[in-house]
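Please read the structure below before turning to the comments.
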Amino acid sequence: MSDIQSLPEKTVERLSEYRRTLLRCQKQGITHIFSHVLAGIHGLTAVQVRRDLMLIGFSSDTKKGYDVSVLADFISDILDSEAPMNIGVIGMGHLGQAITKYFNGKGLKLKIVASFDVDEHKVGSFIDDIPCYSMTEFAQKVEELDINIVILSCPTCKAEETVLPIVNAGIKGVLNFTSKPLNFPLGIVVENYDITTLLEKVAYFVKEQEEN
């Protein structure tokens, strides 16, 4: 079975999307799905879907299509770690709270277990059943709760201030929702998710459609 680190980033993203579709199919009682159907749902070609699945060593396409349950489990074996990974959220403003509310309860082997903020009115409280700690407790709580990944949703102007605490605490992965790209040492996986840029990208193509 392929090592997840050897897969292209876009393939990993698509595998995650395929799995969510497969899990929805399971809930609807759908037992098999063809590559061209899975491709159509995600705006891809059947060739791309088959190529992605070949990369992870899955090729049991029968006359009825892929077995939904088998393929979902196979992708889970590739994407998921053996033990659940704990996540912390830095910054519990509206965005941080929305992310926490959306993410937990998805049934993945990823769980938000703590949040961190500098607002004394939030520290010590529970937000969507997640305890909120002071950033002064960050390293201690990361160790106590075995947090591997942090989601950064603090104000952009404060983003750089979080880099050193994150590095010193031994965090292995960062999902950065601020509009400031952050650089971390090698060994820390970072995904910078700039909502403003993505929204402007959508707006540009909407404008292009209207003008043509």
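Chain labels A, B, ... are given in the sequence in which chains occur in the structure tokens; within each chain residues are numbered consecutively from 1, and ligands are likewise numbered from 1 in the order shown.
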
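Note that DSSP on the backbone gives strand (DSSP E) to these residues of region 9-132 of chain A: His32, Ile33, Tyr66, Asp67, Met85, Asn86, Ile87, Gly88, Val89, Ile90, Leu110, Lys111, Ile112, Val113, Ala114, Ser115, Phe116, Asp117, Phe126, Ile127, Ile130, Pro131 and Cys132 of chain A.
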
For C-alpha atoms, I'd like the residues from the last selection saved as a PDB file, in the first residue's frame.
```pdb
ATOM      1  CA  HIS A  32     -21.498   0.346  -6.038  1.00  0.00           C
ATOM      2  CA  ILE A  33     -20.348   3.335  -8.069  1.00  0.00           C
ATOM      3  CA  TYR A  66     -16.394   0.092  -7.331  1.00  0.00           C
ATOM      4  CA  ASP A  67     -17.687  -1.446  -4.119  1.00  0.00           C
ATOM      5  CA  MET A  85      -4.964  12.845  15.818  1.00  0.00           C
ATOM      6  CA  ASN A  86      -5.835  15.643  18.216  1.00  0.00           C
ATOM      7  CA  ILE A  87      -6.220  19.209  17.003  1.00  0.00           C
ATOM      8  CA  GLY A  88      -6.051  22.587  18.714  1.00  0.00           C
ATOM      9  CA  VAL A  89      -7.571  25.829  17.435  1.00  0.00           C
ATOM     10  CA  ILE A  90      -5.720  29.096  17.990  1.00  0.00           C
ATOM     11  CA  LEU A 110      -9.264  13.873  13.667  1.00  0.00           C
ATOM     12  CA  LYS A 111     -10.699  15.657  16.682  1.00  0.00           C
ATOM     13  CA  ILE A 112     -10.522  19.211  17.985  1.00  0.00           C
ATOM     14  CA  VAL A 113      -9.770  18.794  21.682  1.00  0.00           C
ATOM     15  CA  ALA A 114      -8.791  22.310  22.757  1.00  0.00           C
ATOM     16  CA  SER A 115      -8.858  25.945  21.741  1.00  0.00           C
ATOM     17  CA  PHE A 116      -6.599  28.843  22.670  1.00  0.00           C
ATOM     18  CA  ASP A 117      -7.179  32.574  22.860  1.00  0.00           C
ATOM     19  CA  PHE A 126     -16.256  25.931  26.894  1.00  0.00           C
ATOM     20  CA  ILE A 127     -17.111  26.803  23.306  1.00  0.00           C
ATOM     21  CA  ILE A 130     -14.307  22.501  23.628  1.00  0.00           C
ATOM     22  CA  PRO A 131     -12.290  24.020  26.504  1.00  0.00           C
ATOM     23  CA  CYS A 132     -10.630  27.343  25.786  1.00  0.00           C
TER      24      CYS A 132
END
```

If we count only C-alpha atoms and set the cut-off at 12 Å, which residues sit around His36 (chain A), ignoring sequence neighbours fewer than 6 positions away in its own chain? Please answer as a ChimeraX atom specification. /A:42-50,61,65-66

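In this comparison, which uses only C-alpha atoms, the residue of A:Phe184, A:Tyr133, A:Phe58, A:Tyr193 approaching Ser153 (chain A) most closely is A:Tyr193.
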
The distance between CA of Lys158 (chain A) and CA of Glu120 (chain A) is 16.3 Å

If we count only C-alpha atoms, what is near Thr11 (chain A) at a cut-off of 12 Å, once residues fewer than 5 positions away on the same chain are taken out, given as a compact mmCIF listing (two decimals) with N, CA and C atoms, in the first residue's frame?
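Once everything was written out, this is part.txt:
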```txt
# COMPACT_ATOMS: atom_id res chain seq x y z
N ILE A 4 1.42 7.57 2.20
CA ILE A 4 0.66 8.79 1.92
C ILE A 4 1.58 9.96 1.59
N GLN A 5 2.81 9.97 2.16
CA GLN A 5 3.73 11.07 1.91
C GLN A 5 4.24 11.06 0.48
N SER A 6 4.12 9.92 -0.22
CA SER A 6 4.62 9.84 -1.58
C SER A 6 3.57 10.28 -2.59
N SER A 16 -9.66 12.56 -0.30
CA SER A 16 -10.52 13.00 0.80
C SER A 16 -11.93 13.30 0.30
N GLU A 17 -12.01 13.94 -0.86
CA GLU A 17 -13.31 14.27 -1.44
C GLU A 17 -14.04 12.99 -1.88
N TYR A 18 -13.31 12.05 -2.48
CA TYR A 18 -13.93 10.78 -2.89
C TYR A 18 -14.54 10.08 -1.68
N GLN A 48 -8.92 10.35 -14.56
CA GLN A 48 -8.28 10.94 -13.37
C GLN A 48 -8.61 10.15 -12.12
N VAL A 49 -9.88 9.75 -11.97
CA VAL A 49 -10.29 8.97 -10.81
C VAL A 49 -9.53 7.65 -10.78
N ARG A 50 -9.49 6.95 -11.91
CA ARG A 50 -8.79 5.66 -11.96
C ARG A 50 -7.31 5.82 -11.69
N ARG A 51 -6.73 6.92 -12.19
CA ARG A 51 -5.30 7.17 -11.95
C ARG A 51 -5.03 7.39 -10.46
N ASP A 52 -5.90 8.17 -9.81
CA ASP A 52 -5.74 8.42 -8.37
C ASP A 52 -5.81 7.11 -7.58
N LEU A 53 -6.78 6.26 -7.95
CA LEU A 53 -6.96 5.00 -7.22
C LEU A 53 -5.83 4.02 -7.52
N MET A 54 -5.29 4.07 -8.73
CA MET A 54 -4.14 3.21 -9.06
C MET A 54 -2.92 3.61 -8.23
N LEU A 55 -2.79 4.91 -7.95
CA LEU A 55 -1.65 5.39 -7.17
C LEU A 55 -1.65 4.82 -5.75
N ILE A 56 -2.83 4.50 -5.23
CA ILE A 56 -2.90 3.93 -3.88
C ILE A 56 -3.06 2.41 -3.92
N ILE A 75 -9.49 3.84 1.15
CA ILE A 75 -9.01 5.22 1.21
C ILE A 75 -8.74 5.64 2.65
N ILE A 78 -5.43 4.62 3.81
CA ILE A 78 -4.37 5.45 3.25
C ILE A 78 -4.29 6.81 3.96
N LEU A 79 -5.44 7.44 4.15
CA LEU A 79 -5.45 8.81 4.68
C LEU A 79 -5.29 8.89 6.18
```

Among chain A, which ones does DSSP assign to helix (DSSP H, G or I) (computed from the backbone)? Answer as number ranges by chain. A: 4-6, 9-27, 35-41, 46-55, 68-79, 94-103, 135-144, 156-168, 195-211

With C-alpha atoms kept, could you save the residues just selected as a compact mmCIF listing (two decimals), in the first residue's frame?
```txt
# COMPACT_ATOMS: atom_id res chain seq x y z
CA ILE A 4 0.66 8.79 1.92
CA GLN A 5 3.73 11.07 1.91
CA SER A 6 4.62 9.84 -1.58
CA GLU A 9 -0.96 16.92 -2.76
CA LYS A 10 -3.82 17.19 -5.25
CA THR A 11 -4.30 13.43 -5.18
CA VAL A 12 -4.58 13.47 -1.39
CA GLU A 13 -7.17 16.27 -1.64
CA ARG A 14 -9.19 14.32 -4.20
CA LEU A 15 -9.03 11.12 -2.14
CA SER A 16 -10.52 13.00 0.80
CA GLU A 17 -13.31 14.27 -1.44
CA TYR A 18 -13.93 10.78 -2.89
CA ARG A 19 -14.25 9.34 0.60
CA ARG A 20 -16.83 11.91 1.65
CA THR A 21 -18.86 11.08 -1.46
CA LEU A 22 -18.55 7.34 -0.77
CA LEU A 23 -19.69 7.80 2.82
CA ARG A 24 -22.74 9.74 1.60
CA CYS A 25 -23.45 6.91 -0.85
CA GLN A 26 -23.31 4.41 2.01
CA LYS A 27 -25.89 6.40 3.97
CA SER A 35 -15.52 5.68 -11.97
CA HIS A 36 -17.29 7.98 -14.45
CA VAL A 37 -20.07 8.63 -11.91
CA LEU A 38 -17.57 9.45 -9.15
CA ALA A 39 -15.72 11.63 -11.63
CA GLY A 40 -18.86 13.50 -12.65
CA ILE A 41 -19.71 14.31 -9.04
CA ALA A 46 -12.95 8.92 -15.18
CA VAL A 47 -9.31 8.60 -16.20
CA GLN A 48 -8.28 10.94 -13.37
CA VAL A 49 -10.29 8.97 -10.81
CA ARG A 50 -8.79 5.66 -11.96
CA ARG A 51 -5.30 7.17 -11.95
CA ASP A 52 -5.74 8.42 -8.37
CA LEU A 53 -6.96 5.00 -7.22
CA MET A 54 -4.14 3.21 -9.06
CA LEU A 55 -1.65 5.39 -7.17
CA VAL A 68 -18.52 1.71 -2.15
CA SER A 69 -17.79 0.26 1.30
CA VAL A 70 -14.55 -1.45 0.27
CA LEU A 71 -13.22 1.65 -1.50
CA ALA A 72 -14.15 3.96 1.40
CA ASP A 73 -12.30 1.68 3.83
CA PHE A 74 -9.31 1.43 1.48
CA ILE A 75 -9.01 5.22 1.21
CA SER A 76 -9.38 5.51 4.98
CA ASP A 77 -6.44 3.13 5.44
CA ILE A 78 -4.37 5.45 3.25
CA LEU A 79 -5.45 8.81 4.68
CA HIS A 94 -16.34 33.83 14.80
CA LEU A 95 -14.17 31.89 12.33
CA GLY A 96 -12.58 29.66 14.96
CA GLN A 97 -15.97 28.87 16.48
CA ALA A 98 -17.48 28.12 13.06
CA ILE A 99 -14.61 25.78 12.18
CA THR A 100 -14.94 23.95 15.50
CA LYS A 101 -18.71 23.57 15.17
CA TYR A 102 -18.41 22.32 11.58
CA PHE A 103 -15.49 19.96 12.06
CA MET A 135 -2.04 31.02 24.97
CA THR A 136 0.28 31.09 27.99
CA GLU A 137 -0.76 27.45 28.57
CA PHE A 138 -0.24 26.42 24.95
CA ALA A 139 2.90 24.27 25.25
CA GLN A 140 1.64 22.60 28.42
CA LYS A 141 -1.76 21.71 26.94
CA VAL A 142 -0.24 20.51 23.67
CA GLU A 143 1.81 18.00 25.64
CA GLU A 144 -0.99 17.02 28.04
CA THR A 156 -4.03 38.14 10.69
CA CYS A 157 -2.06 40.83 12.54
CA LYS A 158 -1.33 38.30 15.31
CA ALA A 159 -0.45 35.36 13.05
CA GLU A 160 3.35 35.75 13.12
CA GLU A 161 3.31 35.80 16.92
CA THR A 162 2.03 32.22 16.94
CA VAL A 163 4.90 30.75 14.90
CA LEU A 164 7.45 30.43 17.71
CA PRO A 165 5.00 28.94 20.26
CA ILE A 166 3.85 26.43 17.63
CA VAL A 167 7.41 25.40 16.80
CA ASN A 168 8.50 25.20 20.44
CA ILE A 195 -10.13 32.82 2.08
CA THR A 196 -9.74 36.32 0.58
CA THR A 197 -7.68 35.05 -2.35
CA LEU A 198 -10.09 32.18 -3.00
CA LEU A 199 -13.09 34.51 -2.90
CA GLU A 200 -11.40 36.97 -5.27
CA LYS A 201 -10.64 34.03 -7.59
CA VAL A 202 -14.33 33.07 -7.64
CA ALA A 203 -15.33 36.70 -8.19
CA TYR A 204 -12.91 37.02 -11.12
CA PHE A 205 -14.38 34.04 -12.96
CA VAL A 206 -17.92 35.26 -12.26
CA LYS A 207 -16.93 38.60 -13.80
CA GLU A 208 -15.40 36.83 -16.82
CA GLN A 209 -18.61 34.88 -17.40
CA GLU A 210 -20.72 38.02 -17.20
CA GLU A 211 -18.48 39.88 -19.67
```

Using only C-alpha atoms, which of the listed residues (A:Asn192, A:Ser125, A:Asn104, A:Thr62) sits closest to Ser179 (chain A)? A:Asn192

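A straight line drawn from CA of Lys109 (chain A) to CA of Pro84 (chain A) is 4.5 Å long.
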